[in-house]
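Novice: Pasting query.pdb here (PDB, C-alpha atoms):
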MODEL        1
ATOM      1  CA  MET A 251      30.873 -96.851 -24.155
ATOM      2  CA  ALA A 252      30.501 -94.646 -27.214
ATOM      3  CA  GLU A 253      33.597 -93.492 -29.015
ATOM      4  CA  THR A 254      34.143 -89.781 -29.291
ATOM      5  CA  HIS A 255      36.104 -88.484 -32.240
ATOM      6  CA  ILE A 256      37.549 -85.026 -32.050
ATOM      7  CA  ARG A 257      37.820 -83.435 -35.457
ATOM      8  CA  PRO A 258      40.443 -80.788 -35.946
ATOM      9  CA  HIS A 259      39.273 -77.386 -37.130
ATOM     10  CA  PRO A 260      39.178 -77.535 -40.966
ATOM     11  CA  GLY A 261      41.388 -74.441 -41.362
ATOM     12  CA  LEU A 262      43.914 -75.726 -38.872
ATOM     13  CA  ALA A 263      43.883 -79.171 -40.468
ATOM     14  CA  SER A 264      44.701 -77.821 -43.942
ATOM     15  CA  ALA A 265      47.350 -75.291 -42.912
ATOM     16  CA  PRO A 266      50.279 -77.624 -42.088
ATOM     17  CA  GLY A 267      50.472 -79.144 -45.558
ATOM     18  CA  ALA A 268      50.224 -75.762 -47.234
ATOM     19  CA  LEU A 269      52.813 -74.225 -44.916
ATOM     20  CA  GLU A 270      55.214 -77.156 -45.432
ATOM     21  CA  THR A 271      55.274 -76.521 -49.172
ATOM     22  CA  ALA A 272      55.493 -72.720 -48.975
ATOM     23  CA  GLY A 273      58.589 -71.609 -50.844
ATOM     24  CA  SER A 274      58.637 -67.922 -49.955
ATOM     25  CA  LEU A 275      57.791 -65.418 -47.252
ATOM     26  CA  GLU A 276      54.943 -64.180 -49.426
ATOM     27  CA  ALA A 277      53.516 -67.706 -49.675
ATOM     28  CA  VAL A 278      53.591 -68.184 -45.887
ATOM     29  CA  VAL A 279      51.868 -64.821 -45.350
ATOM     30  CA  SER A 280      49.243 -65.693 -47.968
ATOM     31  CA  ILE A 281      48.463 -69.038 -46.318
ATOM     32  CA  LEU A 282      48.072 -67.351 -42.939
ATOM     33  CA  ARG A 283      45.796 -64.723 -44.482
ATOM     34  CA  ARG A 284      43.613 -67.427 -46.020
ATOM     35  CA  THR A 285      43.335 -69.656 -42.936
ATOM     36  CA  ALA A 286      43.602 -67.619 -39.733
ATOM     37  CA  ARG A 287      40.224 -65.863 -39.762
ATOM     38  CA  ALA A 288      38.331 -69.162 -39.987
ATOM     39  CA  VAL A 289      40.573 -70.724 -37.335
ATOM     40  CA  ALA A 290      39.751 -67.877 -34.930
ATOM     41  CA  SER A 291      36.114 -67.359 -36.004
ATOM     42  CA  SER A 292      36.962 -63.667 -35.912
ATOM     43  CA  ASP A 293      35.857 -60.547 -37.750
ATOM     44  CA  GLY A 294      39.374 -59.939 -38.994
ATOM     45  CA  ILE A 295      42.985 -61.066 -38.909
ATOM     46  CA  ALA A 296      46.310 -59.435 -39.637
ATOM     47  CA  VAL A 297      49.711 -60.932 -40.393
ATOM     48  CA  VAL A 298      52.358 -58.665 -38.912
ATOM     49  CA  LEU A 299      56.063 -58.956 -39.740
ATOM     50  CA  ARG A 300      58.921 -57.613 -37.667
ATOM     51  CA  GLU A 301      61.267 -55.306 -39.581
ATOM     52  CA  ASP A 302      64.063 -54.053 -37.314
ATOM     53  CA  ASP A 303      62.388 -51.678 -34.820
ATOM     54  CA  THR A 304      59.023 -51.630 -36.620
ATOM     55  CA  VAL A 305      56.191 -53.973 -37.481
ATOM     56  CA  TYR A 306      54.738 -54.203 -40.965
ATOM     57  CA  TYR A 307      51.106 -55.172 -41.476
ATOM     58  CA  ALA A 308      51.751 -57.462 -44.459
ATOM     59  CA  ALA A 309      48.287 -58.985 -44.940
ATOM     60  CA  GLU A 310      44.789 -58.982 -43.557
ATOM     61  CA  ASP A 311      41.406 -60.561 -44.032
ATOM     62  CA  ALA A 312      38.740 -58.485 -42.330
ATOM     63  CA  ILE A 313      35.216 -57.165 -42.707
ATOM     64  CA  GLU A 314      36.754 -53.721 -43.154
ATOM     65  CA  PRO A 315      40.250 -52.416 -43.986
ATOM     66  CA  LEU A 316      42.577 -52.417 -40.987
ATOM     67  CA  TRP A 317      46.259 -51.477 -41.395
ATOM     68  CA  ARG A 318      47.557 -53.464 -44.377
ATOM     69  CA  GLY A 319      50.735 -51.893 -45.738
ATOM     70  CA  ARG A 320      51.329 -49.699 -42.681
ATOM     71  CA  ARG A 321      54.282 -49.715 -40.325
ATOM     72  CA  PHE A 322      54.325 -48.970 -36.610
ATOM     73  CA  ARG A 323      57.169 -48.798 -34.114
ATOM     74  CA  LEU A 324      57.521 -52.014 -32.113
ATOM     75  CA  THR A 325      57.156 -50.093 -28.872
ATOM     76  CA  GLU A 326      53.991 -48.283 -29.955
ATOM     77  CA  CYS A 327      51.568 -51.089 -30.796
ATOM     78  CA  ILE A 328      50.140 -54.252 -29.318
ATOM     79  CA  SER A 329      51.607 -56.428 -32.097
ATOM     80  CA  GLY A 330      55.038 -55.034 -31.273
ATOM     81  CA  TRP A 331      54.466 -55.758 -27.584
ATOM     82  CA  CYS A 332      53.582 -59.360 -28.469
ATOM     83  CA  ILE A 333      56.693 -59.750 -30.638
ATOM     84  CA  LEU A 334      59.052 -58.136 -28.120
ATOM     85  CA  ASN A 335      57.696 -60.180 -25.209
ATOM     86  CA  GLY A 336      57.125 -63.417 -27.125
ATOM     87  CA  GLN A 337      53.751 -63.807 -25.422
ATOM     88  CA  THR A 338      50.180 -64.243 -26.555
ATOM     89  CA  VAL A 339      48.036 -61.317 -25.535
ATOM     90  CA  SER A 340      44.244 -61.301 -25.254
ATOM     91  CA  VAL A 341      42.458 -57.960 -24.953
ATOM     92  CA  PRO A 342      38.685 -58.172 -24.417
ATOM     93  CA  ASP A 343      38.281 -54.376 -24.561
ATOM     94  CA  ILE A 344      40.857 -52.313 -26.453
ATOM     95  CA  GLU A 345      39.737 -49.149 -24.664
ATOM     96  CA  ARG A 346      40.976 -50.562 -21.347
ATOM     97  CA  ASP A 347      44.429 -51.856 -22.230
ATOM     98  CA  PRO A 348      47.336 -49.367 -22.116
ATOM     99  CA  ARG A 349      49.363 -51.423 -24.640
ATOM    100  CA  VAL A 350      46.801 -50.714 -27.358
ATOM    101  CA  PRO A 351      47.108 -47.472 -29.379
ATOM    102  CA  VAL A 352      43.408 -46.683 -29.033
ATOM    103  CA  ALA A 353      43.479 -43.867 -31.607
ATOM    104  CA  ALA A 354      44.430 -46.347 -34.354
ATOM    105  CA  TYR A 355      41.472 -48.561 -33.439
ATOM    106  CA  ARG A 356      38.907 -45.770 -33.260
ATOM    107  CA  THR A 357      38.852 -45.678 -37.056
ATOM    108  CA  THR A 358      37.814 -49.362 -37.098
ATOM    109  CA  LEU A 359      34.937 -51.428 -35.758
ATOM    110  CA  MET A 360      37.333 -53.703 -33.839
ATOM    111  CA  ARG A 361      36.913 -53.871 -30.064
ATOM    112  CA  SER A 362      38.671 -57.081 -28.958
ATOM    113  CA  LEU A 363      41.796 -58.900 -30.055
ATOM    114  CA  VAL A 364      44.200 -61.758 -29.583
ATOM    115  CA  ILE A 365      47.759 -61.453 -30.875
ATOM    116  CA  VAL A 366      50.053 -64.493 -30.940
ATOM    117  CA  PRO A 367      53.802 -64.379 -31.581
ATOM    118  CA  ILE A 368      55.305 -66.313 -34.466
ATOM    119  CA  GLY A 369      58.771 -67.683 -33.720
ATOM    120  CA  VAL A 370      60.633 -68.995 -30.690
ATOM    121  CA  PRO A 371      62.787 -67.977 -28.898
ATOM    122  CA  GLU A 372      62.640 -64.711 -30.822
ATOM    123  CA  ALA A 373      59.403 -63.766 -32.557
ATOM    124  CA  VAL A 374      59.784 -62.715 -36.185
ATOM    125  CA  ALA A 375      56.105 -61.956 -36.705
ATOM    126  CA  ALA A 376      52.685 -61.974 -35.077
ATOM    127  CA  LEU A 377      49.223 -63.118 -35.997
ATOM    128  CA  GLY A 378      46.348 -60.957 -34.819
ATOM    129  CA  ALA A 379      42.652 -61.857 -34.614
ATOM    130  CA  TYR A 380      40.071 -59.104 -34.104
ATOM    131  CA  TRP A 381      36.407 -58.939 -33.121
ATOM    132  CA  CYS A 382      33.883 -56.107 -33.447
ATOM    133  CA  ALA A 383      32.315 -56.903 -30.079
ATOM    134  CA  SER A 384      33.960 -57.073 -26.690
ATOM    135  CA  VAL A 385      34.664 -60.785 -26.396
ATOM    136  CA  ILE A 386      36.865 -62.998 -24.317
ATOM    137  CA  PRO A 387      38.104 -65.677 -26.716
ATOM    138  CA  ASP A 388      37.935 -69.163 -25.249
ATOM    139  CA  ASP A 389      41.024 -71.253 -24.611
ATOM    140  CA  ALA A 390      40.319 -73.406 -27.679
ATOM    141  CA  THR A 391      40.400 -70.353 -29.981
ATOM    142  CA  ILE A 392      43.668 -69.146 -28.481
ATOM    143  CA  CYS A 393      45.154 -72.656 -28.749
ATOM    144  CA  ARG A 394      44.173 -72.877 -32.432
ATOM    145  CA  LEU A 395      45.806 -69.503 -33.147
ATOM    146  CA  GLU A 396      48.940 -70.532 -31.244
ATOM    147  CA  ALA A 397      49.077 -73.847 -33.139
ATOM    148  CA  LEU A 398      48.796 -71.990 -36.449
ATOM    149  CA  ALA A 399      51.526 -69.566 -35.327
ATOM    150  CA  HIS A 400      53.761 -72.516 -34.373
ATOM    151  CA  GLN A 401      53.272 -74.044 -37.832
ATOM    152  CA  ALA A 402      53.986 -70.658 -39.422
ATOM    153  CA  ALA A 403      57.187 -70.269 -37.396
ATOM    154  CA  ALA A 404      58.481 -73.545 -38.830
ATOM    155  CA  ALA A 405      57.558 -72.372 -42.335
ATOM    156  CA  PHE A 406      59.266 -68.992 -41.838
ATOM    157  CA  GLY A 407      62.381 -70.859 -40.645
ATOM    158  CA  ARG A 408      62.384 -73.158 -43.696
ATOM    159  CA  VAL A 409      61.913 -70.200 -46.051
ATOM    160  CA  ARG A 410      64.802 -68.326 -44.390
ATOM    161  CA  LEU A 411      67.098 -71.352 -44.675
ATOM    162  CA  LEU A 412      66.109 -71.841 -48.315
ATOM    163  CA  SER A 413      66.812 -68.193 -49.067
ATOM    164  CA  GLU A 414      70.216 -68.383 -47.323
ATOM    165  CA  ALA A 415      71.114 -71.559 -49.228
ATOM    166  CA  ILE A 416      70.181 -69.985 -52.554
ATOM    167  CA  GLY A 417      72.208 -66.889 -51.651
ATOM    168  CA  ALA A 418      75.233 -68.993 -50.679
ATOM    169  CA  GLN A 419      74.972 -71.037 -53.852
ATOM    170  CA  ALA A 420      74.767 -67.885 -55.978
ATOM    171  CA  SER A 421      77.822 -66.347 -54.294
ATOM    172  CA  ALA A 422      79.771 -69.619 -54.793
ATOM    173  CA  GLN A 423      79.192 -69.493 -58.556
ATOM    174  CA  PRO A 424      82.188 -68.154 -60.428
ATOM    175  CA  SER A 425      81.469 -64.738 -61.886
ATOM    176  CA  GLY A 426      80.886 -64.590 -65.584
ATOM    177  CA  SER A 427      79.277 -68.029 -65.818
TER     178      SER A 427
ENDMDL
END
Please render this file's structure as structure tokens.

Specialist:
Amino acid sequence: MAETHIRPHPGLASAPGALETAGSLEAVVSILRRTARAVASSDGIAVVLREDDTVYYAAEDAIEPLWRGRRFRLTECISGWCILNGQTVSVPDIERDPRVPVAAYRTTLMRSLVIVPIGVPEAVAALGAYWCASVIPDDATICRLEALAHQAAAAFGRVRLLSEAIGAQASAQPSGS
């Protein structure tokens, strides 16, 4: 009987180590931006952060500009839906899904997407993968994106704890020292 070796996706294999050493929110976002598109074999990705009742498109890697730097209300975009519901969403045709603000996509070439939440039990961000054609991503692609999001959630948690510890240490310092 021949042995079969399953190799992990190169992007997914390198992400855990990089995410474990990330020391800031910006570093985590940068790692996701660098790795997610290859992991999904997509035409674009976006890293979306929750900020109160909005989402902020913090980073992207795409064949064309998407929404980097823009904010949308949580209740008015598919990334917000993903974050609020804590569920992965796959949309083979953006024109046919009522959760997608179609007008925002008409200025892009993107026609299909998968958005995965980052953070459990409450999502703090989302990772979106986009395709120019109408595609139905296979289960393996969705699993790779969810695995990357799970790794990112742990990194976001570590960064938050580090930031809180630094803040507590700074406030414990006597003033004037």

Novice: So which residues get picked by the PyMOL selection byres ((chain A and resi 376) around 7) here, written as a list in words?

Specialist: Val297, Val298, Leu299, Ser329, Ile333, Ile365, Val366, Pro367, Ile368, Ala375, Leu377 and Gly378 of chain A

Novice: Report as a ChimeraX atom specification all protein, DNA and RNA residues lying within 9 Å of segment 342-350 of chain A, evaluated on only C-alpha atoms, omitting residues in the same chain fewer than 6 positions from it.

Specialist: /A:325-329,331,360-364,383-387

Novice: Give me, please, the distance in Å between atom CA of Ala290 of chain A and atom CA of Leu395 of chain A, quoted to one decimal.

Specialist: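 Spanning atom CA of Ala290 of chain A to atom CA of Leu395 of chain A is a straight-line distance of 6.5 Å.
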
Novice: Quick one: of A:Gly407, A:Pro351, A:Gly336, A:Gly294, who's nearest to Ala272 of chain A, counting all atoms listed in the file?

Specialist: A:Gly407

Novice: With only C-alpha atoms as the basis for distance, which of A:Leu334, A:Tyr380, A:Leu269, A:Ala277 is at the shortest distance from Ala312 of chain A?

Specialist: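 Nearest to Ala312 of chain A: A:Tyr380.
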
Novice: When you draw a straight line from atom CA of Leu412 of chain A to atom CA of Pro371 of chain A, how long is it in Å?

Specialist: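 That distance, rounded to one decimal, is 20.1 Å.
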
Novice: Return the single residue from A:Ala402, A:Ile295, A:Val339, A:Val409 that is closest to Ala379 of chain A, with distances computed using all atoms listed in the file.

Specialist: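 Using all atoms listed in the file, Ala379 of chain A sits closest to A:Ile295.
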
Novice: Pick out the closest residue to Glu301 of chain A from this set: A:Pro424, A:Pro315, A:Gly330, A:Gly273. Count all atoms listed in the file.

Specialist: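 Ranked by minimum distance to Glu301 of chain A, first place goes to A:Gly330.
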
Novice: If you measure from atom CA of Val341 of chain A to atom CA of Ala399 of chain A, what distance in Å do you get, rounded to one decimal?

Specialist: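 Computing it gives 18.0 Å between the two atoms.
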
Novice: So for segment 347-351 of chain A, what box centre and size do we get, axis-aligned, 6 Å extra on each of the six sides, every listed atom, Å to one decimal, as JSON?

Specialist:
{"center_x": 46.9, "center_y": -49.7, "center_z": -25.7, "size_x": 16.9, "size_y": 16.4, "size_z": 19.3}

Novice: Name the residues that the PyMOL selection byres ((chain A and resi 317-321) around 9) pulls out of this structure, and write them as a PyMOL selection string.

Specialist: chain A and resi 296-298+301+304-310+315-316+322-323+354

Novice: Using the partial input, fill out segment 367-388 of chain A with N, CA, C and O atoms; write the result as an mmCIF file, in the frame of the given file.

Specialist:
data_model
loop_
_atom_site.group_PDB
_atom_site.id
_atom_site.type_symbol
_atom_site.label_atom_id
_atom_site.label_comp_id
_atom_site.auth_asym_id
_atom_site.auth_seq_id
_atom_site.Cartn_x
_atom_site.Cartn_y
_atom_site.Cartn_z
ATOM 1 N N PRO A 367 52.490 -64.524 -30.946
ATOM 2 C CA PRO A 367 53.802 -64.379 -31.581
ATOM 3 C C PRO A 367 54.086 -65.547 -32.511
ATOM 4 O O PRO A 367 53.613 -66.663 -32.293
ATOM 5 N N ILE A 368 54.859 -65.277 -33.544
ATOM 6 C CA ILE A 368 55.305 -66.313 -34.466
ATOM 7 C C ILE A 368 56.824 -66.365 -34.361
ATOM 8 O O ILE A 368 57.507 -65.401 -34.706
ATOM 9 N N GLY A 369 57.330 -67.502 -33.849
ATOM 10 C CA GLY A 369 58.771 -67.683 -33.720
ATOM 11 C C GLY A 369 59.208 -67.790 -32.276
ATOM 12 O O GLY A 369 58.746 -67.042 -31.433
ATOM 13 N N VAL A 370 60.083 -68.764 -32.020
ATOM 14 C CA VAL A 370 60.633 -68.995 -30.690
ATOM 15 C C VAL A 370 62.113 -69.300 -30.867
ATOM 16 O O VAL A 370 62.474 -70.038 -31.787
ATOM 17 N N PRO A 371 63.001 -68.798 -30.079
ATOM 18 C CA PRO A 371 62.787 -67.977 -28.898
ATOM 19 C C PRO A 371 62.545 -66.509 -29.230
ATOM 20 O O PRO A 371 62.071 -65.758 -28.398
ATOM 21 N N GLU A 372 62.865 -66.104 -30.460
ATOM 22 C CA GLU A 372 62.640 -64.711 -30.822
ATOM 23 C C GLU A 372 61.559 -64.641 -31.889
ATOM 24 O O GLU A 372 61.677 -65.248 -32.955
ATOM 25 N N ALA A 373 60.508 -63.896 -31.608
ATOM 26 C CA ALA A 373 59.403 -63.766 -32.557
ATOM 27 C C ALA A 373 59.833 -62.934 -33.761
ATOM 28 O O ALA A 373 60.468 -61.892 -33.616
ATOM 29 N N VAL A 374 59.485 -63.420 -34.941
ATOM 30 C CA VAL A 374 59.784 -62.715 -36.185
ATOM 31 C C VAL A 374 58.530 -62.085 -36.777
ATOM 32 O O VAL A 374 58.602 -61.320 -37.743
ATOM 33 N N ALA A 375 57.383 -62.438 -36.184
ATOM 34 C CA ALA A 375 56.105 -61.956 -36.705
ATOM 35 C C ALA A 375 55.043 -62.159 -35.628
ATOM 36 O O ALA A 375 55.331 -62.685 -34.544
ATOM 37 N N ALA A 376 53.829 -61.746 -35.963
ATOM 38 C CA ALA A 376 52.685 -61.974 -35.077
ATOM 39 C C ALA A 376 51.456 -62.187 -35.936
ATOM 40 O O ALA A 376 51.383 -61.737 -37.081
ATOM 41 N N LEU A 377 50.498 -62.873 -35.350
ATOM 42 C CA LEU A 377 49.223 -63.118 -35.997
ATOM 43 C C LEU A 377 48.146 -62.545 -35.092
ATOM 44 O O LEU A 377 48.062 -62.929 -33.928
ATOM 45 N N GLY A 378 47.380 -61.608 -35.613
ATOM 46 C CA GLY A 378 46.348 -60.957 -34.819
ATOM 47 C C GLY A 378 44.968 -61.359 -35.280
ATOM 48 O O GLY A 378 44.701 -61.456 -36.478
ATOM 49 N N ALA A 379 44.067 -61.599 -34.337
ATOM 50 C CA ALA A 379 42.652 -61.857 -34.614
ATOM 51 C C ALA A 379 41.852 -60.767 -33.910
ATOM 52 O O ALA A 379 42.169 -60.393 -32.772
ATOM 53 N N TYR A 380 40.831 -60.255 -34.593
ATOM 54 C CA TYR A 380 40.071 -59.104 -34.104
ATOM 55 C C TYR A 380 38.575 -59.381 -34.156
ATOM 56 O O TYR A 380 38.094 -60.050 -35.069
ATOM 57 N N TRP A 381 37.855 -58.820 -33.178
ATOM 58 C CA TRP A 381 36.407 -58.939 -33.121
ATOM 59 C C TRP A 381 35.789 -57.561 -32.957
ATOM 60 O O TRP A 381 36.360 -56.689 -32.300
ATOM 61 N N CYS A 382 34.592 -57.390 -33.537
ATOM 62 C CA CYS A 382 33.883 -56.107 -33.447
ATOM 63 C C CYS A 382 33.200 -55.915 -32.101
ATOM 64 O O CYS A 382 32.899 -54.788 -31.723
ATOM 65 N N ALA A 383 32.945 -56.984 -31.399
ATOM 66 C CA ALA A 383 32.315 -56.903 -30.079
ATOM 67 C C ALA A 383 33.382 -57.137 -29.012
ATOM 68 O O ALA A 383 34.453 -57.668 -29.291
ATOM 69 N N SER A 384 33.069 -56.745 -27.799
ATOM 70 C CA SER A 384 33.960 -57.073 -26.690
ATOM 71 C C SER A 384 33.744 -58.545 -26.361
ATOM 72 O O SER A 384 32.669 -58.933 -25.908
ATOM 73 N N VAL A 385 34.753 -59.350 -26.653
ATOM 74 C CA VAL A 385 34.664 -60.785 -26.396
ATOM 75 C C VAL A 385 35.908 -61.246 -25.646
ATOM 76 O O VAL A 385 36.960 -60.614 -25.718
ATOM 77 N N ILE A 386 35.732 -62.325 -24.943
ATOM 78 C CA ILE A 386 36.865 -62.998 -24.317
ATOM 79 C C ILE A 386 36.988 -64.327 -25.040
ATOM 80 O O ILE A 386 36.182 -65.236 -24.825
ATOM 81 N N PRO A 387 37.961 -64.429 -25.960
ATOM 82 C CA PRO A 387 38.104 -65.677 -26.716
ATOM 83 C C PRO A 387 38.361 -66.851 -25.776
ATOM 84 O O PRO A 387 39.089 -66.729 -24.794
ATOM 85 N N ASP A 388 37.745 -67.984 -26.091
ATOM 86 C CA ASP A 388 37.935 -69.163 -25.249
ATOM 87 C C ASP A 388 39.329 -69.760 -25.464
ATOM 88 O O ASP A 388 40.030 -69.412 -26.411
#
